[in-house]
Amino acid sequence: MLNMIRHKLSRLCRGRPQNILLSIVILLLFSLYLTYNTQDSLIESEGSDKVSRTRTPRPMHGHNAGDDSDNVVQQRNILEGIEQEEEEGEEEEVVVKDEEEKPPIESTLLYKYLQQLEQTYLDDVNDVRKIVKVKGQEDVIARDLPLYEQAFKKRHFAMKAPPWYKPTVANATSNNAKNNMQPVTLPHESEWVGWMVLLCMAFTDGDGAECLEKESFPKLANYQKINRIPGIRNILWRKDGFCNTMNQARRIPALKKSQISPLCWVLPNQYEQFLGVADGLGTDVRWVFKSTSPGGTIQVLQPTKERDYAKVKQFNNKKTVVQEYFPNPLLVFGMPVNIRAYVLVTSINPLRAFVHSEGLVHFRHDYPRGFKKIPNRTWFLAQFKHFLVHNFGTEAAEIAFQNMEAAIVETLLIAESSLAAHFGAFTTHPWEERYRCKNCFQLLGFDVIFNSTLHPMVVEVNGQPYLQANSEVGGWASNTIKQNAVEDTVGILFSATPVAKDVAEALRSMQLNNVGITGVNCHSSHHLCLTNEDLLYLLDSRREAINKASFRQLYPAKDSFKYDSLVRDLQRFVASQYHLNDISPYNQMGAHATSPTTRHNTADLQNVISNVEQYYYRKKVEALLADEMNGASIPEHFGNRTYGASRRSGLGDGAINNMFNLDPLFGDPKYDRPPCNDDPATMPFLSAFHFDPPLNLTPTFDPMVTEYEATVPHDMVLIKVWGFATSCDSEARLEDKLGASRPSNYTLGVGENRISMFVVDITHSEPWVSNSYTVNVYRQSVEEGEEQAWEDDQPHHVCSLVQDCDLPFISDGPCGLNRVLDVRWPDVIVDQQKLPVCESGNSPGRWLIPCSQCSNKSSCYWKEARWLPYDCRHQILPRQQLRQCLAGKDLLFIGDSTNRGIMYYIMEQLNGTLTEWDKTHNIKVYSNLNNNQTSVSFAYYPQFWLPAGERPVFDKALYELLKHSKAAKNNGDTVVVVGGVHWLATHHLNVLKQALKRKGLSNVKLVMKGLGAGFHQPVDGIHCLTMGEQRKVFIHNTGLLDYASNAGFEVVDTFNMTMARYKDFVQGKCACHFHKVEEVRPTDDPDDDDNILYHVTGDINSLYSEILINRICQ
């Protein structure tokens, strides 16, 4: 009460001069009250908490704390439930007890206080009749009310609609629904009482006679809600208002780095200014002219062109808004799209907003046709995200959606700052609280467009989104999304979940000692005092987050700290623009000037609510980890900050990140599409087929020719490919009809590589393939670059290779070819045979190659290259000895395609030929080997292409393998080989042994193939490891080999030998395959398809396959 009186007086004194005398009189009377009452009387005793204290010099807080200098004040910190003593010139530093020593949250004063606030609110909600009053414009009510009616009736609200409105009966199947359809008589005549929800359906802000007079808004009870935020129409909703607001926002420093809306002007007032800019930007820029009336016309014009300038001149005296046509829009199947995101604002000051996960994606014609919507071409937002994942990768798609959400939040924060002045008109006396529109909510439609780098821009905001059912073919999609958005809106607003405990725990965890609570422990030393209204905001935020259904939290959220700079800049901007010196913290009066009925704005609460949301997120992650990872925990200080601290991300302060800012592709004119034509006859043809580095095609490119060949040197491992269709209604796509339509990287493996470009007709709902072009690119092997034939009697340098200088995975090791001094190549061969046979498959080694000069790679004889351990040798078993070794054995391979390559090599060596081959990604069993004495089976793991939740777990894949194999024996005749490129970890080895033990197979022979080279080229849809990540894989592989050896596995180290010659991979996006299976047709009858044999090629695959054979047979 004391603080509230002070607050009223402070506002009165800053009011009109004629009130000063009255203020002085009141202050004199009030001083008598202060003599006998202190704010200590407001603090309740709550037992004694044992804390350890150390005295430290008291720091100054920027406020005059002299009021407390004559007394020792017992101050309760409600956020921690501990007591402090404050004395003149010094302060006690409180050492808080460990988390497990804190009292139960239910026993704290903080929880009891919050519970009382919450219960009062929930009781008010439960005690009133659930009546929805409908007002507005007749055409809007008829259009949009049916969906709201259905949603409210599902929650047993009674509707008070205009007499002319005929209720829908779609959901009137129960007695409750039928009763809700009956006419309702409001119990009072006053427009602000007698209802729980006022649905204002009009193209206005609703603060007038059509819905609710402006003076009535502050009189609403806590439980009442109206679906209008007064002022938002002129700030965001109207096209000219949106333009003016966003132009003002460009002056905000935090927004200068990231454009969130197109350049725009309001004509005719800014006509000359617009023409000057348009002339300066030249003929490459197009402009969108929009009527300011709802549903008005749209034209795309270029004032610099004579034919368009005549049309532009009419706007010299005609009101319209002109926006820059979105440069380089993202094209989906050759067409630009815009996103309609449904955004629910449940509080504007401070902000609280959600975006529905089921938005709409509208296909539009390109600028020659005025960017008009294409009828019956609408996607779910989920389909659009799938498109992004397919064409740009999962990470890029996630960032794109995060950026879209950030652009929406930034737009709403800008709107909140602009509404501060507008809300000032809702109070008429200086002692009245500043209006915060706490009863307001509004469902908004945000129209967002992405450019080709997936940067989002907000182009429009609709305050009364079109919610009428779509009766056209295919309209069910948009109908379903609209209905879900409305039903989830009603659900989020009128939930009654108790959340006082959650909020109390979050506040207690923050340890913000300079935050108090008004009426309980608010002191001049506090930077901020949370009021009852602030606490209600926190309770509502938590309650809505729990009941958000298909909505996603926009603000506040776990990453709200990224808006720190913008919130801070907006706060300064508002203070300077509107001279708001009566709003804390602008008034410099500190926390004492805060009334319990004040609601702070977003800037005041930014740090508190961000920390609270981080706490909720931390608890959620901890719960998930406890369930899924046996109790692993989050770092202790995860997400916790002290009040006033600023966050600095590695990418700067911006909330929107550009995932392509290091890619020179965008903005390079060579990637621009050449002019296309509308001639239907040209639809199947490419106008150009491009490669970077360039290829010498044979024959030279001709649109009428579809097959080409090219040869590239061994060192060309990556190429960028793109093409352009001749027709404007066609598009060139890489690999398949849904492939990338932009320049994309393509790995070139050693040998044949087939690159296909499809020309697709994009005028249909699904692309039609009208033609395809193929380039067979042959990449030479390293041997094919040899300068001369091998001669035994010539002197050669012996050169060692540990790692390639282009991929130095050993940070402190030598790279490239290095001469081995005082050694001749014949000596290398002789000395190798003298070494003992290796006793393990991970003996350290290196490549040795004979060269004329080690400094000249092309002078080397790579056909003679050998991987040689330093102290032993790996032998190659003759076929007969191999057959004897594997007779009676069952070989079970589980892993990825690198394990599959070893399996097929062993099968060919065992039988002498390979009669069967299958690029399987499931289970495969071969039992006809070695005269039916040997069985080989394979299970592919992990199945990366499946969603994470649908992939079989490792032990399940093993059980399936055992089930399909022959009856395994619990001895060395059963051999289990596990391995992969990068996925294998010690966890898999433990699971493997445990699973085999459960099956009674604990004595089988276990072999682990180590990790290998791969994922080093930046290709779409494939994760590319950085140099640092490759070095971490090297360290992981070393530890994995040691762990497996100690666990009883035979091991085969393939990492060093493959990384040193990583460029010898064969075709495949991962650049991780070192084998290839080729057809061998009968020489006497090449067309005989019944007698085809297969041969496994790849010297490196052969090398580590032989090492694995040694580990099985030795």
# chains A, B, ... in the order shown; residues from 1 in each chain; ligands from 1
call {"tool": "select_by_dssp", "arguments": {"residues": "segment 442-531 of chain A", "states": "strand (DSSP E)", "output": "list in words"}}
result
Gln442, Leu443, Leu444, Gly445, Phe446, Asp447, Val448, Ile449, Phe450, Pro456, Met457, Val458, Val459, Glu460, Val461, Asn462, Val515, Gly516, Ile517, Leu528, Cys529 and Leu530 of chain A
call {"tool": "residues_around", "arguments": {"residues": "Trp790 of chain A", "least_positions_apart": "4", "cutoff": "9 Å", "atoms": "only C-alpha atoms", "output": "list of chain:residue names"}}
result
A:Gln794, A:Tyr861, A:Lys863, A:Glu864
call {"tool": "atom_distance", "arguments": {"atom1": "atom CA of Pro498 of chain A", "atom2": "atom CA of Lys130 of chain A"}}
result
19.5 Å
call {"tool": "closest_residue", "arguments": {"among": "A:Val361, A:Leu962, A:Val345, A:Ile546", "to": "Val332 of chain A", "atoms": "only C-alpha atoms"}}
result
A:Val361
call {"tool": "atom_distance", "arguments": {"atom1": "atom CA of Gly1039 of chain A", "atom2": "atom CA of Ala985 of chain A"}}
result
9.6 Å
call {"tool": "residues_around", "arguments": {"residues": "segment 840-854 of chain A", "least_positions_apart": "4", "cutoff": "7 Å", "atoms": "only C-alpha atoms", "output": "PyMOL selection string"}}
result
chain A and resi 796-802+817-819+825+859-862+864-870+1051-1053+1107+1111
call {"tool": "write_last_selection", "arguments": {"atoms": "N, CA and C atoms", "output": "JSON list (two decimals), in the first residue's frame"}}
result
[["chain", "number", "residue", "atom", "x", "y", "z"],
["A", 796, "HIS", "N", 64.87, -45.30, -57.57],
["A", 796, "HIS", "CA", 63.67, -44.57, -57.14],
["A", 796, "HIS", "C", 63.84, -44.09, -55.71],
["A", 797, "HIS", "N", 63.33, -42.92, -55.46],
["A", 797, "HIS", "CA", 63.24, -42.47, -54.08],
["A", 797, "HIS", "C", 62.10, -43.21, -53.39],
["A", 798, "VAL", "N", 62.29, -43.52, -52.14],
["A", 798, "VAL", "CA", 61.21, -44.10, -51.35],
["A", 798, "VAL", "C", 60.54, -42.96, -50.60],
["A", 799, "CYS", "N", 59.25, -42.76, -50.86],
["A", 799, "CYS", "CA", 58.52, -41.63, -50.26],
["A", 799, "CYS", "C", 57.43, -42.16, -49.33],
["A", 800, "SER", "N", 57.33, -41.56, -48.19],
["A", 800, "SER", "CA", 56.30, -41.97, -47.22],
["A", 800, "SER", "C", 55.16, -40.96, -47.23],
["A", 801, "LEU", "N", 53.95, -41.46, -46.97],
["A", 801, "LEU", "CA", 52.75, -40.61, -46.92],
["A", 801, "LEU", "C", 51.96, -40.98, -45.67],
["A", 802, "VAL", "N", 51.84, -40.04, -44.75],
["A", 802, "VAL", "CA", 51.06, -40.24, -43.53],
["A", 802, "VAL", "C", 49.72, -39.53, -43.62],
["A", 817, "LEU", "N", 54.18, -36.10, -49.44],
["A", 817, "LEU", "CA", 55.21, -37.11, -49.67],
["A", 817, "LEU", "C", 56.53, -36.64, -49.08],
["A", 818, "ASN", "N", 57.14, -37.50, -48.27],
["A", 818, "ASN", "CA", 58.41, -37.18, -47.64],
["A", 818, "ASN", "C", 59.39, -38.33, -47.89],
["A", 819, "ARG", "N", 60.60, -37.97, -48.29],
["A", 819, "ARG", "CA", 61.58, -38.99, -48.67],
["A", 819, "ARG", "C", 62.09, -39.73, -47.45],
["A", 825, "TRP", "N", 64.04, -48.82, -53.06],
["A", 825, "TRP", "CA", 62.77, -49.53, -53.16],
["A", 825, "TRP", "C", 62.95, -51.04, -53.11],
["A", 859, "SER", "N", 55.31, -37.99, -60.48],
["A", 859, "SER", "CA", 56.45, -38.85, -60.82],
["A", 859, "SER", "C", 56.45, -40.15, -60.04],
["A", 860, "CYS", "N", 55.41, -40.34, -59.25],
["A", 860, "CYS", "CA", 55.33, -41.54, -58.40],
["A", 860, "CYS", "C", 54.63, -42.68, -59.13],
["A", 861, "TYR", "N", 54.94, -43.90, -58.72],
["A", 861, "TYR", "CA", 54.36, -45.10, -59.31],
["A", 861, "TYR", "C", 53.36, -45.65, -58.29],
["A", 862, "TRP", "N", 52.14, -45.14, -58.35],
["A", 862, "TRP", "CA", 51.14, -45.43, -57.33],
["A", 862, "TRP", "C", 50.65, -46.87, -57.40],
["A", 864, "GLU", "N", 52.49, -49.30, -57.33],
["A", 864, "GLU", "CA", 53.39, -50.03, -56.45],
["A", 864, "GLU", "C", 53.24, -49.62, -54.99],
["A", 865, "ALA", "N", 52.36, -48.63, -54.71],
["A", 865, "ALA", "CA", 52.21, -48.13, -53.34],
["A", 865, "ALA", "C", 51.78, -49.23, -52.39],
["A", 866, "ARG", "N", 52.34, -49.19, -51.17],
["A", 866, "ARG", "CA", 52.03, -50.23, -50.19],
["A", 866, "ARG", "C", 51.83, -49.59, -48.82],
["A", 867, "TRP", "N", 50.83, -50.11, -48.12],
["A", 867, "TRP", "CA", 50.64, -49.73, -46.72],
["A", 867, "TRP", "C", 51.45, -50.70, -45.87],
["A", 868, "LEU", "N", 52.46, -50.17, -45.17],
["A", 868, "LEU", "CA", 53.36, -51.02, -44.43],
["A", 868, "LEU", "C", 53.42, -50.60, -42.97],
["A", 869, "PRO", "N", 53.10, -51.49, -42.05],
["A", 869, "PRO", "CA", 53.34, -51.20, -40.64],
["A", 869, "PRO", "C", 54.84, -51.04, -40.41],
["A", 870, "TYR", "N", 55.19, -50.36, -39.33],
["A", 870, "TYR", "CA", 56.60, -50.10, -39.05],
["A", 870, "TYR", "C", 57.34, -51.36, -38.59],
["A", 1051, "VAL", "N", 40.73, -55.93, -33.81],
["A", 1051, "VAL", "CA", 40.47, -54.62, -34.41],
["A", 1051, "VAL", "C", 41.21, -54.48, -35.72],
["A", 1052, "VAL", "N", 40.63, -53.71, -36.64],
["A", 1052, "VAL", "CA", 41.24, -53.37, -37.91],
["A", 1052, "VAL", "C", 41.17, -51.86, -38.06],
["A", 1053, "ASP", "N", 42.32, -51.21, -38.03],
["A", 1053, "ASP", "CA", 42.35, -49.75, -38.13],
["A", 1053, "ASP", "C", 42.37, -49.35, -39.60],
["A", 1107, "ILE", "N", 43.51, -57.49, -44.15],
["A", 1107, "ILE", "CA", 43.88, -57.39, -42.73],
["A", 1107, "ILE", "C", 42.79, -58.02, -41.87],
["A", 1111, "ARG", "N", 42.79, -61.25, -39.17],
["A", 1111, "ARG", "CA", 42.31, -61.25, -37.79],
["A", 1111, "ARG", "C", 41.33, -62.39, -37.53]]
call {"tool": "residues_around", "arguments": {"residues": "segment 904-921 of chain A", "least_positions_apart": "6", "cutoff": "9 Å", "atoms": "only C-alpha atoms", "output": "VMD selection string"}}
result
chain A and resid 879 to 880 882 to 883 886 896 to 897 929 to 931 936 938 to 941 943 1075 1077 1091 to 1097 1101 to 1102 1105 to 1106 1109
call {"tool": "select_by_dssp", "arguments": {"residues": "segment 869-998 of chain A", "states": "alpha helix (DSSP H)", "output": "PyMOL selection string"}}
result
chain A and resi 879-886+897-911+954-964+986-998
call {"tool": "closest_residue", "arguments": {"among": "A:Leu738, A:Val337, A:Ile348, A:Ala249", "to": "Leu570 of chain A", "atoms": "only C-alpha atoms"}}
result
A:Ala249
call {"tool": "closest_residue", "arguments": {"among": "A:Leu281, A:Ile414, A:Thr602, A:Val1080", "to": "Arg251 of chain A", "atoms": "only C-alpha atoms"}}
result
A:Ile414
call {"tool": "residues_around", "arguments": {"residues": "segment 610-613 of chain A", "least_positions_apart": "4", "cutoff": "10 Å", "atoms": "only C-alpha atoms", "output": "PyMOL selection string"}}
result
chain A and resi 502-510+512+538+541-542+545+555-564+605-606+617-619+639-643
call {"tool": "closest_residue", "arguments": {"among": "A:Thr497, A:Asp1084, A:Ser550, A:Pro262", "to": "Ser357 of chain A", "atoms": "only C-alpha atoms"}}
result
A:Ser550
call {"tool": "atom_distance", "arguments": {"atom1": "atom CA of Met196 of chain A", "atom2": "atom CA of Gln224 of chain A"}}
result
4.7 Å
call {"tool": "residues_around", "arguments": {"residues": "segment 766-782 of chain A", "least_positions_apart": "4", "cutoff": "8 Å", "atoms": "only C-alpha atoms", "output": "ChimeraX atom specification"}}
result
/A:333,683-685,705-714,716,737-738,748-762,786,862,1064
call {"tool": "residues_around", "arguments": {"residues": "Lys319 of chain A", "least_positions_apart": "5", "cutoff": "12 Å", "atoms": "only C-alpha atoms", "output": "JSON, numbers by chain"}}
result
{"A": [239, 240, 265, 266, 267, 268, 269, 270, 271, 289, 290, 291, 292, 293, 296, 312, 313, 314]}
